[in-house]
Amino acid sequence: MKAAMQEAERIGARCVYGDVEFSETTNGLKAAVSAMMSSPTAMMKTIASVPSPPPELNEVFGSLMGGNDPQQLIEDIKTRERSKMMTSYLSRCFPSIYHVMITKRDGHMAKKLKEHCSKGKVVAVVGMAHMEGIEKEWEALDDNKQIK
């Protein structure tokens, strides 16, 4: 984000913060985790319902569990395909957390981009995990606009 702000200033472009406020996301995350862990029974149910990761992600998770460098884990999932696999898997494992961390923010960011940047070229700096969702939301906003 810092690099984006510096570059925007350098070229005289406007920089728009389009994410959900941090406090709103953390409050939603706390509520989702609290609900999952509300009792020992709820916690065990959550853990028992987590499916095995797809084979393509086994290496990534093995790296994490093996105590390897977390920074390397991030680099390992920095492809569009792996990010999509990871977010899909996490949405199945922890849907309420996924909703707060990804779905809700994707919709918000797409609306903000449309609101502030719909004319001409747009450069948006977003996390890889948000790209698919923002694109879907952007298209849905276009579809809704055409219906009206």
# chains A, B, ... in the order shown; residues from 1 in each chain; ligands from 1
$ select_by_dssp --residues "chain A" --states "helix (DSSP H, G or I)" --output "ChimeraX atom specification"
/A:2-11,22-36,40-48,55-65,70-76,80-93,95-117,128-147
$ residues_around --residues "region 90-95 of chain A" --least-positions-apart "2" --cutoff "9 Å" --atoms "only C-alpha atoms" --output "PyMOL selection string"
chain A and resi 36+46-47+49-51+85-88+97-100+102
$ atom_distance --atom1 "CA of His130 (chain A)" --atom2 "CA of Ala13 (chain A)"
22.9 Å
$ atom_distance --atom1 "CA of Ser38 (chain A)" --atom2 "CA of Ser96 (chain A)"
13.7 Å
$ closest_residue --among "A:Leu113, A:Ala129, A:Glu137, A:Gly28" --to "Cys15 (chain A)" --atoms "only C-alpha atoms"
A:Leu113
$ residues_around --residues "His108 (chain A)" --least-positions-apart "4" --cutoff "7 Å" --atoms "only C-alpha atoms" --output "list of chain:residue names"
A:Asp19, A:Val20, A:Lys104, A:Lys112
$ write_last_selection --atoms "all heavy atoms" --output "CSV table (one decimal), in the first residue's frame"
chain,number,residue,atom,x,y,z
A,19,ASP,N,-11.0,-0.6,0.9
A,19,ASP,CA,-11.3,-1.7,1.7
A,19,ASP,C,-12.3,-1.4,2.8
A,19,ASP,O,-12.5,-0.2,3.1
A,19,ASP,CB,-10.0,-2.3,2.3
A,19,ASP,CG,-10.0,-3.8,2.6
A,19,ASP,OD1,-11.1,-4.3,2.7
A,19,ASP,OD2,-9.0,-4.4,2.9
A,20,VAL,N,-12.8,-2.4,3.4
A,20,VAL,CA,-13.7,-2.3,4.6
A,20,VAL,C,-12.8,-1.8,5.7
A,20,VAL,O,-11.6,-2.1,5.8
A,20,VAL,CB,-14.3,-3.6,5.0
A,20,VAL,CG1,-15.1,-3.6,6.3
A,20,VAL,CG2,-15.2,-4.1,3.9
A,104,LYS,N,-17.2,-10.4,1.9
A,104,LYS,CA,-17.7,-9.1,2.3
A,104,LYS,C,-16.8,-8.0,1.8
A,104,LYS,O,-17.2,-7.0,1.2
A,104,LYS,CB,-17.8,-9.0,3.8
A,104,LYS,CG,-18.5,-7.7,4.3
A,104,LYS,CD,-18.7,-7.8,5.8
A,104,LYS,CE,-19.4,-6.5,6.2
A,104,LYS,NZ,-19.6,-6.6,7.7
A,112,LYS,N,-16.5,0.3,-4.3
A,112,LYS,CA,-15.6,1.5,-4.2
A,112,LYS,C,-14.9,1.7,-5.5
A,112,LYS,O,-14.8,2.9,-5.9
A,112,LYS,CB,-14.7,1.3,-3.0
A,112,LYS,CG,-15.3,1.4,-1.7
A,112,LYS,CD,-15.9,2.8,-1.5
A,112,LYS,CE,-16.5,2.9,-0.1
A,112,LYS,NZ,-17.1,4.2,0.1
$ residues_around --residues "Glu75 (chain A)" --least-positions-apart "5" --cutoff "12 Å" --atoms "only C-alpha atoms" --output "VMD selection string"
chain A and resid 60 63 69 to 70 80 82 to 83 128
$ atom_distance --atom1 "CA of Cys117 (chain A)" --atom2 "CA of Asn144 (chain A)"
17.6 Å
$ closest_residue --among "A:Gly133, A:Gly66, A:Gly18, A:Pro54" --to "Glu115 (chain A)" --atoms "only C-alpha atoms"
A:Gly18
$ residues_around --residues "Leu141 (chain A)" --least-positions-apart "5" --cutoff "9 Å" --atoms "only C-alpha atoms" --output "list of chain:residue names"
A:Ala110, A:Lys111, A:Lys114, A:Lys136, A:Gln146
$ write_last_selection --atoms "N, CA, C and O atoms" --output "compact mmCIF listing (two decimals), in the first residue's frame"
# COMPACT_ATOMS: atom_id res chain seq x y z
N ALA A 110 -15.15 -3.79 -4.78
CA ALA A 110 -15.66 -3.63 -6.14
C ALA A 110 -16.56 -2.40 -6.23
O ALA A 110 -16.45 -1.60 -7.18
N LYS A 111 -17.42 -2.21 -5.24
CA LYS A 111 -18.31 -1.02 -5.23
C LYS A 111 -17.50 0.26 -5.15
O LYS A 111 -17.79 1.24 -5.84
N LYS A 114 -15.84 0.93 -8.50
CA LYS A 114 -16.83 1.44 -9.46
C LYS A 114 -17.18 2.89 -9.15
O LYS A 114 -17.28 3.72 -10.04
N LYS A 136 -15.69 -10.77 -10.09
CA LYS A 136 -17.08 -11.25 -10.15
C LYS A 136 -18.05 -10.16 -9.71
O LYS A 136 -19.10 -9.95 -10.32
N GLN A 146 -27.08 -2.61 -16.20
CA GLN A 146 -27.74 -2.82 -17.49
C GLN A 146 -29.22 -3.15 -17.31
O GLN A 146 -30.04 -2.83 -18.16
$ residues_around --residues "Val16 (chain A)" --least-positions-apart "4" --cutoff "12 Å" --atoms "only C-alpha atoms" --output "MDAnalysis selection string"
chainID A and resid 1 4:5 8:9 109 112:117 122:126
